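Notes to accompany the following structure.
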Amino acid sequence: MNKKIWLSSPHMGGSEMKYIEEAFAENWIAPMGPNVNGLEEDLQNYLGENVHVAALSSGTAALHLALVLLGIEAGDFVICQSLTFSASANPIIYMGAEPLFVDSEKDTWNLCPTAVEDAVKFGISKGKKPKAIIAVSLYGMPFKVAEITEISQRYGIPIIEDSAEALGSTYKGQKCGTFGDISVLSFNGNKIITTSGGGVLILKNKDVKHRAVFLSTQAKDDAPHYEHTTIGYNYRMSNVSAGIGRGQMEVLEERIRQRRANHEFYREIFNDYPEFGLHSELSSDYFSNYWLSVAYLQPGVDRSTERLRQRFEEEDIETRPIWKPMHLQPVFKGKTYFGNDVAENLFGRGICLPSGSNLSDSDKNRIADVLRKALR
Ligand SMILES: *Cc1c(COP(=O)(O)O)cnc(C)c1O
């Protein structure tokens, strides 16, 4: 029996256990301690100057706290990319706010600037200018940062950058995770590096970071007893998990290289099948970590990728369709949507291919074999 090939599985670097053992040796088995502080420092050093990182229990928790920090209230409009994982949108509902879902453009598959502006104008026409724009860098591909930032600044609406999938990607040489008024990364088990489960908020100043840490640790005021003037959350990262993250940070550059090599591997195969495209960088302004390599049927090709997915499944190889857009999800039925059918078409016509940094040569041979047989 062949072993299962996963879409994107955890890939340890080697020194994770050292940090975990330190946590045990010093009894820092808590949502605080040297690994939490160390991981925050590692990320600050990686991302560059003027960022302040708060380590949390998940990317979803980070997105939720981002909305809390921006003062989103029940009934407020929040613009959100429709083509994404549900975790980008769910926190809007946690707040009692109203999502305005927006289509993708065809180049990066992220927020379409025209549709974003339509959503902003809609909000203003209702007397409620949207309070935030949630911009995703899907599959590691940076969104159109210049265009979206221009709209954000012109209307005075902050960007929440959901770079859960984009650690290591850059736009015009600047790292993803530094473009939002508040930015978010995820270290879930399937991401480019992992803490088993975890995420971070990336903030622009120390005071906001302190506020984020305060809120994520149950909002305890300064008193000998527990005194609360604000609703708190239990969202801080565990010091054990953070130890995994510190080990993973040591191999991040290697992981980016490996994921990009996967993309090259698929490019060589799909070069022979012109009915497919491979989701790729639009220009040298864009540098993707290629968290997942995604192939799609070219416009006009009348087929679906479902049969291909099944062929992989028969060989115990995990692939997945592109994200189903949020405006088509039953749970978001009736929510307002701006744009056309770009996201919807991608959903029916794309397939996410095995993209782990730990794919072996024999895994790649098996994948190539299935692809070439299925596409013949
Ligand atoms: C993974 C992911 C999240 C959520 O992160 P978790 O750490 O799993 O909570 C949010 N947005 C996107 C786009 C993601 O891929």
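Labeling convention for the structure tokens: chains A, B, ... as they appear, residues from 1 per chain, ligands from 1 in order of appearance.
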Every residue of stretch 91-288 of chain A that DSSP places in strand (DSSP E or B), as number ranges by chain: A: 98-102, 104, 111, 132-136, 159-162, 170-171, 174-175, 182-186, 199-203, 217, 234, 236, 276-278, 286-287
Set the distance at 6 Å and use only C-alpha atoms: which residues neighbour stretch 239-248 of chain A once local chain neighbours fewer than 5 positions away are removed? I'd like the list as a short mmCIF file (atom, residue, chain, number, x, y, z; two decimals) with all heavy atoms, in the first residue's frame.
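Resulting contents of result12.cif:
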```cif
data_model
loop_
_atom_site.label_atom_id
_atom_site.label_comp_id
_atom_site.auth_asym_id
_atom_site.auth_seq_id
_atom_site.Cartn_x
_atom_site.Cartn_y
_atom_site.Cartn_z
N GLY A 13 11.10 20.97 11.57
CA GLY A 13 12.45 21.32 11.13
C GLY A 13 13.52 20.59 11.91
O GLY A 13 14.61 20.34 11.41
N SER A 15 14.32 21.37 15.50
CA SER A 15 14.63 21.90 16.84
C SER A 15 13.36 22.23 17.65
O SER A 15 13.46 22.81 18.73
CB SER A 15 15.53 23.13 16.73
OG SER A 15 14.94 24.08 15.92
N GLU A 16 12.19 21.87 17.12
CA GLU A 16 10.95 22.16 17.85
C GLU A 16 10.96 21.53 19.25
O GLU A 16 10.59 22.17 20.24
CB GLU A 16 9.73 21.64 17.07
CG GLU A 16 9.42 22.40 15.78
CD GLU A 16 10.24 21.94 14.59
OE1 GLU A 16 11.05 21.00 14.75
OE2 GLU A 16 10.09 22.52 13.51
N TYR A 19 12.73 23.39 22.13
CA TYR A 19 11.96 24.49 22.75
C TYR A 19 10.86 23.94 23.65
O TYR A 19 10.55 24.51 24.70
CB TYR A 19 11.37 25.39 21.67
CG TYR A 19 12.42 26.16 20.90
CD1 TYR A 19 12.75 25.80 19.59
CD2 TYR A 19 13.08 27.24 21.47
CE1 TYR A 19 13.70 26.51 18.87
CE2 TYR A 19 14.04 27.95 20.76
CZ TYR A 19 14.35 27.58 19.46
OH TYR A 19 15.30 28.28 18.76
N ILE A 20 10.25 22.82 23.22
CA ILE A 20 9.18 22.22 24.04
C ILE A 20 9.78 21.66 25.34
O ILE A 20 9.22 21.84 26.42
CB ILE A 20 8.44 21.13 23.25
CG1 ILE A 20 7.66 21.77 22.09
CG2 ILE A 20 7.50 20.34 24.15
CD1 ILE A 20 6.97 20.78 21.18
N ALA A 30 1.81 26.97 29.98
CA ALA A 30 0.81 28.02 30.21
C ALA A 30 0.73 28.91 28.97
O ALA A 30 1.63 28.88 28.13
CB ALA A 30 1.23 28.84 31.43
N PRO A 31 -0.31 29.70 28.89
CA PRO A 31 -0.39 30.62 27.74
C PRO A 31 0.45 31.88 27.97
O PRO A 31 0.01 32.99 27.75
CB PRO A 31 -1.89 30.94 27.65
CG PRO A 31 -2.38 30.82 29.05
CD PRO A 31 -1.53 29.77 29.72
N MET A 32 1.66 31.68 28.42
CA MET A 32 2.65 32.76 28.59
C MET A 32 3.99 32.08 28.81
O MET A 32 4.04 30.90 29.13
CB MET A 32 2.31 33.63 29.80
CG MET A 32 2.15 32.82 31.08
SD MET A 32 2.33 33.76 32.61
CE MET A 32 1.13 35.00 32.45
N GLY A 33 5.07 32.80 28.60
CA GLY A 33 6.38 32.24 28.85
C GLY A 33 7.37 32.57 27.76
O GLY A 33 7.05 33.27 26.80
N ASN A 35 8.77 30.99 25.27
CA ASN A 35 8.54 30.66 23.86
C ASN A 35 7.55 31.61 23.21
O ASN A 35 7.70 31.96 22.03
CB ASN A 35 8.03 29.22 23.71
CG ASN A 35 9.14 28.19 23.93
OD1 ASN A 35 10.33 28.49 23.74
ND2 ASN A 35 8.75 26.99 24.33
N VAL A 36 6.54 32.03 23.97
CA VAL A 36 5.57 32.99 23.42
C VAL A 36 6.31 34.29 23.09
O VAL A 36 6.21 34.81 21.96
CB VAL A 36 4.41 33.26 24.43
CG1 VAL A 36 3.51 34.37 23.92
CG2 VAL A 36 3.61 31.99 24.68
N LEU A 39 8.78 33.65 20.11
CA LEU A 39 8.16 33.57 18.79
C LEU A 39 7.76 34.96 18.30
O LEU A 39 7.94 35.30 17.12
CB LEU A 39 6.94 32.64 18.82
CG LEU A 39 6.16 32.51 17.50
CD1 LEU A 39 7.05 31.95 16.38
CD2 LEU A 39 4.92 31.63 17.67
N ILE A 193 4.17 27.16 7.87
CA ILE A 193 4.77 26.67 9.11
C ILE A 193 3.66 26.60 10.16
O ILE A 193 2.64 27.29 10.02
CB ILE A 193 5.96 27.50 9.63
CG1 ILE A 193 5.55 28.93 9.92
CG2 ILE A 193 7.15 27.44 8.68
CD1 ILE A 193 6.61 29.73 10.68
N THR A 195 2.23 25.86 14.43
CA THR A 195 2.43 25.68 15.87
C THR A 195 1.46 24.60 16.36
O THR A 195 1.13 24.57 17.54
CB THR A 195 2.17 27.00 16.63
OG1 THR A 195 0.82 27.43 16.36
CG2 THR A 195 3.12 28.10 16.21
#
```
I'd like the contact shell of stretch 320-334 of chain A - 9 Å cut-off, only C-alpha atoms, skipping same-chain residues fewer than 4 positions apart - returned as a PDB file with N, CA, C and O atoms, in the first residue's frame.
```
ATOM      1  N   LEU A   7      -2.622  17.096   1.100  1.00  0.00           N
ATOM      2  CA  LEU A   7      -2.580  18.387   0.410  1.00  0.00           C
ATOM      3  C   LEU A   7      -1.462  19.265   0.970  1.00  0.00           C
ATOM      4  O   LEU A   7      -0.714  19.896   0.226  1.00  0.00           O
ATOM      5  N   GLN A  81     -13.474  39.635   1.258  1.00  0.00           N
ATOM      6  CA  GLN A  81     -13.284  38.808   0.064  1.00  0.00           C
ATOM      7  C   GLN A  81     -14.194  37.582   0.142  1.00  0.00           C
ATOM      8  O   GLN A  81     -14.238  36.909   1.173  1.00  0.00           O
ATOM      9  N   SER A  82     -14.892  37.294  -0.942  1.00  0.00           N
ATOM     10  CA  SER A  82     -15.800  36.139  -0.934  1.00  0.00           C
ATOM     11  C   SER A  82     -15.045  34.836  -1.150  1.00  0.00           C
ATOM     12  O   SER A  82     -15.368  33.812  -0.526  1.00  0.00           O
ATOM     13  N   LEU A  83     -14.046  34.858  -2.034  1.00  0.00           N
ATOM     14  CA  LEU A  83     -13.286  33.639  -2.337  1.00  0.00           C
ATOM     15  C   LEU A  83     -12.208  33.450  -1.264  1.00  0.00           C
ATOM     16  O   LEU A  83     -11.091  33.964  -1.380  1.00  0.00           O
ATOM     17  N   THR A  84     -12.569  32.736  -0.214  1.00  0.00           N
ATOM     18  CA  THR A  84     -11.636  32.533   0.895  1.00  0.00           C
ATOM     19  C   THR A  84     -12.147  31.407   1.770  1.00  0.00           C
ATOM     20  O   THR A  84     -13.205  30.827   1.513  1.00  0.00           O
ATOM     21  N   PHE A  85     -11.391  31.101   2.800  1.00  0.00           N
ATOM     22  CA  PHE A  85     -11.825  30.146   3.814  1.00  0.00           C
ATOM     23  C   PHE A  85     -12.805  30.858   4.753  1.00  0.00           C
ATOM     24  O   PHE A  85     -12.657  32.052   5.014  1.00  0.00           O
ATOM     25  N   SER A  86     -13.761  30.120   5.287  1.00  0.00           N
ATOM     26  CA  SER A  86     -14.826  30.728   6.105  1.00  0.00           C
ATOM     27  C   SER A  86     -14.290  31.512   7.298  1.00  0.00           C
ATOM     28  O   SER A  86     -14.955  32.427   7.794  1.00  0.00           O
ATOM     29  N   ALA A  89     -14.409  35.245   7.280  1.00  0.00           N
ATOM     30  CA  ALA A  89     -15.710  35.916   7.383  1.00  0.00           C
ATOM     31  C   ALA A  89     -16.425  35.671   8.713  1.00  0.00           C
ATOM     32  O   ALA A  89     -17.139  36.555   9.198  1.00  0.00           O
ATOM     33  N   PRO A  99     -21.468  41.332   6.834  1.00  0.00           N
ATOM     34  CA  PRO A  99     -20.465  41.237   5.768  1.00  0.00           C
ATOM     35  C   PRO A  99     -20.990  41.772   4.442  1.00  0.00           C
ATOM     36  O   PRO A  99     -22.158  41.559   4.118  1.00  0.00           O
ATOM     37  N   PHE A 101     -19.829  40.940   0.892  1.00  0.00           N
ATOM     38  CA  PHE A 101     -18.893  40.064   0.183  1.00  0.00           C
ATOM     39  C   PHE A 101     -18.547  40.641  -1.183  1.00  0.00           C
ATOM     40  O   PHE A 101     -19.393  41.213  -1.859  1.00  0.00           O
ATOM     41  N   VAL A 102     -17.291  40.465  -1.551  1.00  0.00           N
ATOM     42  CA  VAL A 102     -16.768  41.081  -2.774  1.00  0.00           C
ATOM     43  C   VAL A 102     -16.041  40.034  -3.619  1.00  0.00           C
ATOM     44  O   VAL A 102     -15.323  39.175  -3.096  1.00  0.00           O
ATOM     45  N   ASP A 103     -16.241  40.139  -4.910  1.00  0.00           N
ATOM     46  CA  ASP A 103     -15.668  39.222  -5.895  1.00  0.00           C
ATOM     47  C   ASP A 103     -14.142  39.394  -5.987  1.00  0.00           C
ATOM     48  O   ASP A 103     -13.571  40.358  -5.471  1.00  0.00           O
ATOM     49  N   VAL A 294      -2.135  25.622  -7.442  1.00  0.00           N
ATOM     50  CA  VAL A 294      -3.523  25.470  -7.888  1.00  0.00           C
ATOM     51  C   VAL A 294      -3.579  25.509  -9.407  1.00  0.00           C
ATOM     52  O   VAL A 294      -3.090  26.462 -10.033  1.00  0.00           O
ATOM     53  N   TYR A 296      -6.072  25.347 -12.916  1.00  0.00           N
ATOM     54  CA  TYR A 296      -7.461  25.681 -13.284  1.00  0.00           C
ATOM     55  C   TYR A 296      -7.645  25.465 -14.779  1.00  0.00           C
ATOM     56  O   TYR A 296      -6.704  25.587 -15.563  1.00  0.00           O
ATOM     57  N   THR A 305     -13.038  19.777 -12.898  1.00  0.00           N
ATOM     58  CA  THR A 305     -11.855  19.133 -12.333  1.00  0.00           C
ATOM     59  C   THR A 305     -12.239  18.032 -11.350  1.00  0.00           C
ATOM     60  O   THR A 305     -11.371  17.420 -10.744  1.00  0.00           O
ATOM     61  N   GLU A 306     -13.549  17.771 -11.214  1.00  0.00           N
ATOM     62  CA  GLU A 306     -13.999  16.797 -10.228  1.00  0.00           C
ATOM     63  C   GLU A 306     -13.495  15.380 -10.544  1.00  0.00           C
ATOM     64  O   GLU A 306     -13.066  14.645  -9.656  1.00  0.00           O
ATOM     65  N   ARG A 309      -9.989  15.072  -9.476  1.00  0.00           N
ATOM     66  CA  ARG A 309      -9.909  14.942  -8.021  1.00  0.00           C
ATOM     67  C   ARG A 309     -10.193  13.499  -7.591  1.00  0.00           C
ATOM     68  O   ARG A 309      -9.503  12.931  -6.742  1.00  0.00           O
ATOM     69  N   ALA A 343     -15.149  34.629  -8.915  1.00  0.00           N
ATOM     70  CA  ALA A 343     -14.926  33.669  -7.823  1.00  0.00           C
ATOM     71  C   ALA A 343     -15.716  32.386  -8.058  1.00  0.00           C
ATOM     72  O   ALA A 343     -15.205  31.277  -7.874  1.00  0.00           O
ATOM     73  N   GLU A 344     -16.947  32.556  -8.490  1.00  0.00           N
ATOM     74  CA  GLU A 344     -17.819  31.407  -8.723  1.00  0.00           C
ATOM     75  C   GLU A 344     -17.236  30.482  -9.799  1.00  0.00           C
ATOM     76  O   GLU A 344     -17.221  29.259  -9.645  1.00  0.00           O
ATOM     77  N   LEU A 346     -14.076  30.236 -10.693  1.00  0.00           N
ATOM     78  CA  LEU A 346     -12.854  29.590 -10.201  1.00  0.00           C
ATOM     79  C   LEU A 346     -13.199  28.367  -9.370  1.00  0.00           C
ATOM     80  O   LEU A 346     -12.559  27.321  -9.482  1.00  0.00           O
ATOM     81  N   PHE A 347     -14.245  28.499  -8.559  1.00  0.00           N
ATOM     82  CA  PHE A 347     -14.654  27.390  -7.680  1.00  0.00           C
ATOM     83  C   PHE A 347     -14.926  26.124  -8.496  1.00  0.00           C
ATOM     84  O   PHE A 347     -14.507  25.033  -8.139  1.00  0.00           O
ATOM     85  N   GLY A 348     -15.615  26.254  -9.613  1.00  0.00           N
ATOM     86  CA  GLY A 348     -15.960  25.071 -10.397  1.00  0.00           C
ATOM     87  C   GLY A 348     -14.828  24.555 -11.266  1.00  0.00           C
ATOM     88  O   GLY A 348     -14.926  23.457 -11.812  1.00  0.00           O
ATOM     89  N   ARG A 349     -13.760  25.353 -11.406  1.00  0.00           N
ATOM     90  CA  ARG A 349     -12.804  25.044 -12.472  1.00  0.00           C
ATOM     91  C   ARG A 349     -11.364  24.911 -11.996  1.00  0.00           C
ATOM     92  O   ARG A 349     -10.442  24.879 -12.809  1.00  0.00           O
ATOM     93  N   GLY A 350     -11.173  24.816 -10.686  1.00  0.00           N
ATOM     94  CA  GLY A 350      -9.800  24.746 -10.195  1.00  0.00           C
ATOM     95  C   GLY A 350      -9.576  23.623  -9.217  1.00  0.00           C
ATOM     96  O   GLY A 350     -10.516  23.149  -8.569  1.00  0.00           O
ATOM     97  N   ILE A 351      -8.332  23.193  -9.112  1.00  0.00           N
ATOM     98  CA  ILE A 351      -8.006  22.108  -8.185  1.00  0.00           C
ATOM     99  C   ILE A 351      -6.699  22.427  -7.467  1.00  0.00           C
ATOM    100  O   ILE A 351      -5.700  22.814  -8.091  1.00  0.00           O
ATOM    101  N   CYS A 352      -6.730  22.314  -6.127  1.00  0.00           N
ATOM    102  CA  CYS A 352      -5.535  22.526  -5.303  1.00  0.00           C
ATOM    103  C   CYS A 352      -4.781  21.208  -5.224  1.00  0.00           C
ATOM    104  O   CYS A 352      -5.350  20.186  -4.836  1.00  0.00           O
ATOM    105  N   LEU A 353      -3.519  21.250  -5.583  1.00  0.00           N
ATOM    106  CA  LEU A 353      -2.707  20.033  -5.724  1.00  0.00           C
ATOM    107  C   LEU A 353      -1.823  19.841  -4.490  1.00  0.00           C
ATOM    108  O   LEU A 353      -1.528  20.814  -3.779  1.00  0.00           O
ATOM    109  N   PRO A 354      -1.390  18.607  -4.242  1.00  0.00           N
ATOM    110  CA  PRO A 354      -0.531  18.376  -3.069  1.00  0.00           C
ATOM    111  C   PRO A 354       0.659  19.337  -3.079  1.00  0.00           C
ATOM    112  O   PRO A 354       1.365  19.427  -4.085  1.00  0.00           O
TER     113      PRO A 354
END
```
From A:Tyr226, A:Phe143, A:Phe122, A:Phe312, residue lying nearest ligand 1 [only C-alpha atoms and all ligand atoms]: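 Among A:Tyr226, A:Phe143, A:Phe122, A:Phe312, it is A:Phe143 that comes nearest to ligand 1.
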Selection near A:Asp363, 8 Å with only C-alpha atoms, sequence-local residues under 4 positions removed, as a count of residues only: 3
Test item: residues at most 12 Å from A:Leu375, only C-alpha atoms, excluding those fewer than 2 positions along its chain, as a list in words: Ile269, Phe270, Asp272, Tyr273, Pro274, Glu275, Phe276, Leu297, Arg303, Thr305, Arg307, Leu308, Arg309, Arg311, Phe312, Ala368, Asp369, Val370, Leu371, Arg372 and Lys373 of chain A
